[in-house]
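Asker: Below: one structure in structure tokens.
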Amino acid sequence: MGKTVPETIRHLIIVFGVLAVMMSIAAGLIWVERRLLGFWQDRYGPNRVGPFGILQPLADMIKVFAKEDWVPPFADRPVFILAPAIIVVTVLLAFAVVPFAPSISVADLNVGLLYFLALSSLGVYSVALGGWASDNKYALIGALRASAQMISYEVFMGLSLMGVVMLAGSFNLRAIVEAQRRLWFVVPQFFGFVIFLIAGVAETHRLPFDLPEAESELVAGFHSEYSGMKFGLFFVGEYLGITLISALIATFFFGGWLGPLLPPAVWFFIKTFFFIGVFILLRATLPRPRYDQLIRLGWKVMLPLALANLVVTGGIILAAG
Amino acid sequence: MLSILRAVWTVFLHLFKRKVTVLYPEERPRIPPRWRGRIILSRDPDGQERCVACHLCAVACPVGCIALQAAEDEYGRRYPEFFRINFSRCIFCGFCEEACPTYAIQLTNDFEMSEYHRHNLVYEKQDLLISGTGKYPGYNFYKVAGLSIKGKDKGENENELPPVDVKGLMP
Ligand code: SF4
Ligand code: SF4
């Protein structure tokens with residue numbers, strides 16, 4: 001990039017810092033989620049390993065690494081091994097455009113939002129290929145569901161963000177945050193926010209939209225045949241996905257790093273963790289819909305709503321000149 | 001839609017509810033007195049083994065985890081030569097206690113018997129036999145049974161009726 005040496009070092013620190021922070025957040029979320037789910041079910045959750053059970057992820061990690069790393073003989077070996085890596089890589093790449101604070105972001109792309117949408121759709125290859133390569137009918141059904149779900153929800157996920165883009169006049173995530181100095185976009189774009197939240201849950205296939213894994217019907221869906229660290233990677237990918245969607249909700253609708261008193265990065269993490277909590281709360285509350293209900297909701301409710309939101313926003317902006 | 005939000009709110013409020021979990025090693029669960037836990041073999045008030053090696057417990061046991069071998073001492077009193085309970089198979093149903101005619105075998109309210117190796121759960125007679133009477137302090141089978149043993153003939157004890165004359169016609 002033709003930059004000076006200190007500049008390059010600063011970049012490297014940010015890159016590896018983001019990587020380390022994201023990986024530890026993804027690991028920590030194992031504990032956070034189990035603790036919160038426990039509390040919401042009148043239990044304590046894991047509280048034995050370390051103070052408040054905070055070292056639980058470490059114990060889980062030791063366990064998952066010590067497990068036999070087994071590839072079923074009937075599986076398509078190279079694809080089977082590659083699939084879990086794809087989701088982690090795509091989600092980590094998407095973090096490149098997230099502005100954690102005014103000066104902390106890996107890349108300041110002027111098409112940041114499109115870049116995120118592109119990578120989040122690439123993530124489905126992980127699930128689809130993993131299910132396909134497993135050569136197991138439950139895994140295949142899970143993979144097909146994931147693909148259909150992704151196609152349906154990707155459409156209005158993009159549309160729901162277009163209102164934000166119109167208001168901010170930019171695809172650049174930093175510019176979008178700066179445009180919210182006066183008013184968080186959740187106010188003018190409330191429907192956009194709701195649609196994006198729902199699409200985000202579906203995108204990370206979390207409960208209630210975890211049809212691709214649906215333990216009660218499909219064994220474990222696309223990762224039925226996975227074990228050991230490959231299975232672990234799917235989970236790391238899922239937790240990274242939750243973090244990414246939460247970070248983006250904070251960025252697009254809740255003013256990113258903006259906030260009084262506290263340093264910008266702290267505000268960003270407070271907002272992100274709030275939405276991670278919302279994700280877990282949704283999981284604790286809602287039952288899984290039937291598959292046709294899911295698709296119907298996507299195409300017959302969410303898509304028209306997103307389009308209407310887009311038209312109204314556009315109209316108002318046009319009228320206001 | 002509204003009902004979904006209400007459900008989410010209700011679940012959220014559970015954050016502040018009392019937890020139902022009993023934090024076990026620090027906080028002891030309440031064990032009722034008739035709890036069916038670790039099995040013991042008890043003794044008479046005068047210190048002799050109650051078990052008469054009748055095998056009734058072994059027959060009653062639905063999982064067949066009791067093994068014993070009968071023997072007789074020099075006074076004709078029966079006792080088990082060995083007595084073995086495999087606690088890795090025992091389901092703590094208490095049938096053995098119900099079947100026992102002498103109150104020898106009893107279930108106690110101790111449940112903390114985890115082991116790292118399965119074979120450590122096979123308890124032998126020296127592990128099972130206690131020095132006391134267990135749940136029935138005064139009971140002595142031979143004193144009420146009408147059998148002659150050392151120091152007592154049939155019907156001689158104060159609790160005992162004189163033995164039935166099986167050859168007589170009178171009621
Ligand atoms: S408690 Fe039931 S299973 Fe256990 S030894 Fe007695 S009869 Fe057998
Ligand atoms: S413990 Fe009781 S039932 Fe079992 S052999 Fe001994 S006397 Fe008979």
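Chain lettering (A, B, ...) mirrors the order of the structure tokens, residue numbering begins at 1 for each chain separately, and ligand numbering begins at 1 in order of display.
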When the cut-off is 6 Å and you count only C-alpha atoms and all ligand atoms, which residues lie near ligand 2, shown as a PyMOL selection string?

Answerer: chain B and resi 51-57+99-102+104-105

Asker: Residues contacting ligand 1 - anything with an atom at most 8 Å away, using only C-alpha atoms and all ligand atoms - can you give me those as a PyMOL selection string?

Answerer: chain B and resi 36+39+57-58+60-66+85-87+89-97+107

Asker: Residues of chain B within 10 Å of chain A, counting only C-alpha atoms - could you list those as a PyMOL selection string?

Answerer: chain B and resi 4-23

Asker: Calculate how many Å separate atom CA of A:Gly259 from atom CA of A:Leu12, rounding to one decimal.

Answerer: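 Atom-to-atom, atom CA of A:Gly259 and atom CA of A:Leu12 are spaced 27.3 Å apart.
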
Asker: Just want the 6 Å neighbourhood of stretch 77-92 of chain A, counted on only C-alpha atoms, with same-chain residues fewer than 4 positions away dropped. Output as a PDB file with all heavy atoms, in the first residue's frame.

Answerer:
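File produced: result.pdb:
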ATOM      1  N   LEU A 119     -19.949 -11.679   1.675  1.00  0.00           N
ATOM      2  CA  LEU A 119     -19.295 -12.711   2.472  1.00  0.00           C
ATOM      3  C   LEU A 119     -20.301 -13.510   3.276  1.00  0.00           C
ATOM      4  O   LEU A 119     -20.136 -14.718   3.465  1.00  0.00           O
ATOM      5  CB  LEU A 119     -18.260 -12.078   3.394  1.00  0.00           C
ATOM      6  CG  LEU A 119     -16.955 -11.782   2.670  1.00  0.00           C
ATOM      7  CD1 LEU A 119     -16.018 -11.045   3.581  1.00  0.00           C
ATOM      8  CD2 LEU A 119     -16.317 -13.062   2.190  1.00  0.00           C
ATOM      9  N   GLY A 123     -20.912 -17.697   3.247  1.00  0.00           N
ATOM     10  CA  GLY A 123     -20.895 -18.590   4.410  1.00  0.00           C
ATOM     11  C   GLY A 123     -21.764 -19.815   4.236  1.00  0.00           C
ATOM     12  O   GLY A 123     -21.472 -20.868   4.799  1.00  0.00           O
ATOM     13  N   SER A 126     -20.320 -23.264   3.343  1.00  0.00           N
ATOM     14  CA  SER A 126     -19.824 -24.140   4.392  1.00  0.00           C
ATOM     15  C   SER A 126     -20.867 -25.181   4.761  1.00  0.00           C
ATOM     16  O   SER A 126     -20.614 -26.381   4.752  1.00  0.00           O
ATOM     17  CB  SER A 126     -19.463 -23.288   5.608  1.00  0.00           C
ATOM     18  OG  SER A 126     -19.189 -24.090   6.688  1.00  0.00           O
ATOM     19  N   LEU A 129     -21.881 -27.414   1.592  1.00  0.00           N
ATOM     20  CA  LEU A 129     -20.863 -28.404   1.218  1.00  0.00           C
ATOM     21  C   LEU A 129     -20.669 -29.430   2.330  1.00  0.00           C
ATOM     22  O   LEU A 129     -20.506 -30.619   2.061  1.00  0.00           O
ATOM     23  CB  LEU A 129     -19.540 -27.700   0.920  1.00  0.00           C
ATOM     24  CG  LEU A 129     -19.530 -26.858  -0.345  1.00  0.00           C
ATOM     25  CD1 LEU A 129     -18.186 -26.180  -0.516  1.00  0.00           C
ATOM     26  CD2 LEU A 129     -19.826 -27.726  -1.549  1.00  0.00           C
ATOM     27  N   GLY A 130     -20.698 -28.967   3.581  1.00  0.00           N
ATOM     28  CA  GLY A 130     -20.545 -29.903   4.703  1.00  0.00           C
ATOM     29  C   GLY A 130     -21.628 -30.955   4.677  1.00  0.00           C
ATOM     30  O   GLY A 130     -21.369 -32.154   4.822  1.00  0.00           O
ATOM     31  N   ALA A 133     -21.080 -33.231   1.532  1.00  0.00           N
ATOM     32  CA  ALA A 133     -19.931 -34.129   1.600  1.00  0.00           C
ATOM     33  C   ALA A 133     -20.137 -35.233   2.636  1.00  0.00           C
ATOM     34  O   ALA A 133     -19.490 -36.270   2.574  1.00  0.00           O
ATOM     35  CB  ALA A 133     -18.669 -33.336   1.931  1.00  0.00           C
ATOM     36  N   LYS A 230     -13.495 -30.320  13.964  1.00  0.00           N
ATOM     37  CA  LYS A 230     -14.263 -29.878  12.787  1.00  0.00           C
ATOM     38  C   LYS A 230     -15.656 -29.441  13.225  1.00  0.00           C
ATOM     39  O   LYS A 230     -16.164 -28.406  12.808  1.00  0.00           O
ATOM     40  CB  LYS A 230     -14.374 -31.013  11.776  1.00  0.00           C
ATOM     41  CG  LYS A 230     -13.049 -31.399  11.175  1.00  0.00           C
ATOM     42  CD  LYS A 230     -13.259 -32.076   9.841  1.00  0.00           C
ATOM     43  CE  LYS A 230     -12.054 -32.896   9.455  1.00  0.00           C
ATOM     44  NZ  LYS A 230     -11.885 -34.061  10.359  1.00  0.00           N
ATOM     45  N   LEU A 233     -15.329 -26.167  14.873  1.00  0.00           N
ATOM     46  CA  LEU A 233     -15.209 -25.023  13.972  1.00  0.00           C
ATOM     47  C   LEU A 233     -16.575 -24.510  13.534  1.00  0.00           C
ATOM     48  O   LEU A 233     -16.780 -23.307  13.418  1.00  0.00           O
ATOM     49  CB  LEU A 233     -14.393 -25.406  12.735  1.00  0.00           C
ATOM     50  CG  LEU A 233     -12.890 -25.253  12.867  1.00  0.00           C
ATOM     51  CD1 LEU A 233     -12.230 -25.562  11.548  1.00  0.00           C
ATOM     52  CD2 LEU A 233     -12.528 -23.848  13.289  1.00  0.00           C
ATOM     53  N   PHE A 234     -17.509 -25.427  13.289  1.00  0.00           N
ATOM     54  CA  PHE A 234     -18.862 -24.973  12.951  1.00  0.00           C
ATOM     55  C   PHE A 234     -19.403 -24.088  14.080  1.00  0.00           C
ATOM     56  O   PHE A 234     -20.059 -23.081  13.829  1.00  0.00           O
ATOM     57  CB  PHE A 234     -19.796 -26.161  12.747  1.00  0.00           C
ATOM     58  CG  PHE A 234     -19.765 -26.721  11.365  1.00  0.00           C
ATOM     59  CD1 PHE A 234     -19.460 -28.046  11.151  1.00  0.00           C
ATOM     60  CD2 PHE A 234     -20.046 -25.922  10.276  1.00  0.00           C
ATOM     61  CE1 PHE A 234     -19.436 -28.567   9.875  1.00  0.00           C
ATOM     62  CE2 PHE A 234     -20.027 -26.431   8.999  1.00  0.00           C
ATOM     63  CZ  PHE A 234     -19.717 -27.762   8.798  1.00  0.00           C
ATOM     64  N   GLY A 237     -17.702 -20.798  14.129  1.00  0.00           N
ATOM     65  CA  GLY A 237     -18.297 -20.015  13.045  1.00  0.00           C
ATOM     66  C   GLY A 237     -19.637 -19.442  13.445  1.00  0.00           C
ATOM     67  O   GLY A 237     -19.939 -18.284  13.176  1.00  0.00           O
TER      68      GLY A 237
END

Asker: Using only C-alpha atoms, determine which residues lie at most 9 Å from stretch 160-169 of chain A, disregarding the query and same-chain residues fewer than 4 positions distant; provide the list as number ranges by chain.

Answerer: A: 113, 155-156, 175-180, 185, 188-189, 191-196, 252-253, 303, 305-307, 309-311, 313-314, 317
